Amino acid sequence: MRVMHDEPIYKEIDAIPFDKSLWSEPEFFFDEELDNQGCKALFIRSDYANKESYAFAYLGLPEGELKDKPAILLLHGGGGTAYYEWVNAWKERGYVALAIDLEGHIPNKEGTINDVPNNLYHASNYVTPHNQNLGDENEDISLTWLHYACRTSIIANSFLHHFAGINPYKIGVCGVSWGGYITSIISGYDDRFAFAIPYYCITDMLDSFTPLGTYIKSHRSFEIFDNPEPLKYIETPFLYIGSNRDVYSNIEQASQIVSSMKNGHLSILNRFAHSHASALSSVEQFLFADNTLAKKGNISIKFADSEHLSISLPEEKIIIAGEIFFTDDEEINQDTIWRYSSLDVEGLTTSKVINIKIRDGAVFYYASLTDEKGGVYTSKIEKI
């Protein structure tokens with residue numbers, strides 16, 4: 001069994017102040033009137049400004065006996081809330097799934113993952129900060145929305161760790177956009193996660209072209225949250241999923257961070273749209289979680305040099321397609337023009353070195369493989 005701690009594991013002088021009490025079992029209560037689409041509605045205590053407060057959540061329980069089950073914590077992005085569709089997708093795969101709202105919202109029963117905020121949710125009666133894109137920097141750090149969202153997410157993890165029938169060694173976290181950023185932050189402090197999967201956003205965004213990078217430049221006190229160092233110390237299997245055509249995805253920096261981690265992995269999806277619905281439709285999150293918990297391992301792709309690609313596959317994994325993506329652009333952003341050429345992956349076994357040809361004039365390039373279940377796995381982004 002791996003070692004887990006009931007306190008923050010990153011304790012350097014630049015650490016975010018998270019109180020040890022966040023790792024304790026929280027108070028909560030169910031509200032049957034708000035149950036929706038097979039999901040149980042509940043409120044988990046997360047106080048704000050020294051006032052008693054509760055965050056709304058949907059809980060999904062898989063069929064059968066609730067014993068030794070894996071679980072997943074789901075963190076929404078900006079303009080979102082707890083989504084029953086996301087909960088049910090994981091529930092159908094045998095996971096206990098908890099989607100928690102991080103902005104004081106309660107989902108409308110008729111709302112869907114494709115709806116805009118006005119049709120998606122209404123305000124909770126509990127006092128809660130709201131996402132101002134870091135515009136609340138003049139508040140004490142504990143009163144900022146980002147600190148509230150991070151500590152509420154840690155509390156939600158504590159709820160799962162104390163919920164009967166869940167295997168505490170099989171609890172992961174997955175977040176979209178702002179939720180992906182929060183996933184990256186708390187994964188460096190809370191080592192109880194069996195895996196972590198951020199979509200689109202990751203820490204170390206300050207110098208990126210992204211909106212989040214712009215927010216941090218304008219509100220420099222939030223650099224304490226943007227620190228990528230905590231991720232370099234964790235053992236947690238970590239999968240960053242981003243898009244090569246997205247203003248919010250800083251894939252070059254994400255590639256650098258993930259390659260510096262002890263157990264980091266990349267899935268850079270071609271022209272992948274930025275939305276909760278797009279994230280839900282991608283299979284990478286489910287495949288990574290299942291493979292990690294089953295200890296089957298995950299695909300490894302590395303460039304031995306500019307002419308050779310080294311690929312290592314878990315047993316029973318079949319690769320059906322492969323490409324080399326490259327660009328002549330001098331920097332990577334949402335307007336980067338990516339071209340690609342196919343790789344010969346026929347007969348690819350558990351370990352193999354493939355000869356490759358990088359187009360003349362290319363500045364950046366990376367390799368991408370697709371398995372028999374549609375999962376996409378990519379290498380680090382290299383620069384000529």
# chains A, B, ... in the order shown; residues from 1 in each chain; ligands from 1
call {"tool": "closest_atom_pairs", "arguments": {"of": "region 280-350 of chain A", "to": "region 81-97 of chain A", "cutoff": "12 Å", "atoms": "only C-alpha atoms", "output": "CSV"}}
result
residue,atom,partner,partner_atom,distance
A:Leu280,CA,A:Trp86,CA,6.4
A:Ser281,CA,A:Trp86,CA,9.5
A:Ser282,CA,A:Ala89,CA,11.1
A:Val283,CA,A:Ala89,CA,10.6
A:Gln285,CA,A:Trp90,CA,9.8
A:Phe286,CA,A:Trp90,CA,7.8
A:Leu287,CA,A:Arg93,CA,10.5
A:Ala289,CA,A:Tyr95,CA,10.1
A:Asp290,CA,A:Arg93,CA,9.0
A:Leu293,CA,A:Tyr95,CA,11.3
call {"tool": "select_by_dssp", "arguments": {"residues": "region 260-308 of chain A", "states": "alpha helix (DSSP H)", "output": "PDB file with C-alpha atoms, in the first residue's frame"}}
result
ATOM      1  CA  SER A 260       9.512  16.687 -15.010  1.00  0.00           C
ATOM      2  CA  HIS A 276     -17.397  20.330 -20.348  1.00  0.00           C
ATOM      3  CA  ALA A 277     -19.284  18.313 -22.961  1.00  0.00           C
ATOM      4  CA  SER A 278     -16.118  17.773 -25.013  1.00  0.00           C
ATOM      5  CA  ALA A 279     -14.243  16.601 -21.940  1.00  0.00           C
ATOM      6  CA  LEU A 280     -17.056  14.213 -21.051  1.00  0.00           C
ATOM      7  CA  SER A 281     -17.006  12.734 -24.560  1.00  0.00           C
ATOM      8  CA  GLU A 284      -8.798   9.191 -22.143  1.00  0.00           C
ATOM      9  CA  GLN A 285      -9.947   9.979 -18.594  1.00  0.00           C
ATOM     10  CA  PHE A 286     -11.662   6.605 -18.202  1.00  0.00           C
ATOM     11  CA  LEU A 287      -8.892   4.562 -19.802  1.00  0.00           C
ATOM     12  CA  PHE A 288      -6.188   6.194 -17.700  1.00  0.00           C
ATOM     13  CA  ALA A 289      -8.134   5.679 -14.471  1.00  0.00           C
ATOM     14  CA  ASP A 290      -8.939   2.035 -15.256  1.00  0.00           C
ATOM     15  CA  ASN A 291      -5.378   1.196 -16.348  1.00  0.00           C
ATOM     16  CA  THR A 292      -3.859   2.930 -13.338  1.00  0.00           C
ATOM     17  CA  LEU A 293      -6.072   1.220 -10.775  1.00  0.00           C
TER      18      LEU A 293
END
call {"tool": "closest_residue", "arguments": {"among": "A:Tyr148, A:Tyr121, A:Tyr54, A:Tyr377", "to": "Gly242 (chain A)", "atoms": "only C-alpha atoms"}}
result
A:Tyr377
call {"tool": "select_by_dssp", "arguments": {"residues": "region 220-268 of chain A", "states": "strand (DSSP E)", "output": "list in words"}}
result
Phe238, Leu239, Tyr240, Ile241, Gly242, Ser243, Gly264, His265, Leu266, Ser267 and Ile268 of chain A
call {"tool": "closest_residue", "arguments": {"among": "A:Glu330, A:Ser306, A:Leu269, A:Tyr200", "to": "Ser368 (chain A)", "atoms": "only C-alpha atoms"}}
result
A:Leu269
call {"tool": "closest_residue", "arguments": {"among": "A:Glu7, A:Leu74, A:Pro107, A:Glu346", "to": "Gln37 (chain A)", "atoms": "only C-alpha atoms"}}
result
A:Pro107
call {"tool": "residues_around", "arguments": {"residues": "Lys302 (chain A)", "least_positions_apart": "6", "cutoff": "9 Å", "atoms": "only C-alpha atoms", "output": "MDAnalysis selection string"}}
result
chainID A and resid 308:312 367 378:380
call {"tool": "closest_residue", "arguments": {"among": "A:Gly64, A:Phe325, A:Gly374, A:Ile299", "to": "Thr349 (chain A)", "atoms": "only C-alpha atoms"}}
result
A:Ile299
call {"tool": "atom_distance", "arguments": {"atom1": "CA of Pro17 (chain A)", "atom2": "CA of Thr183 (chain A)"}}
result
16.5 Å
call {"tool": "closest_residue", "arguments": {"among": "A:Ile337, A:Ile301, A:Val247, A:Ala99", "to": "Ala156 (chain A)", "atoms": "only C-alpha atoms"}}
result
A:Ala99
call {"tool": "closest_residue", "arguments": {"among": "A:Phe209, A:Phe56, A:Phe364, A:Phe303", "to": "Asp328 (chain A)", "atoms": "only C-alpha atoms"}}
result
A:Phe364
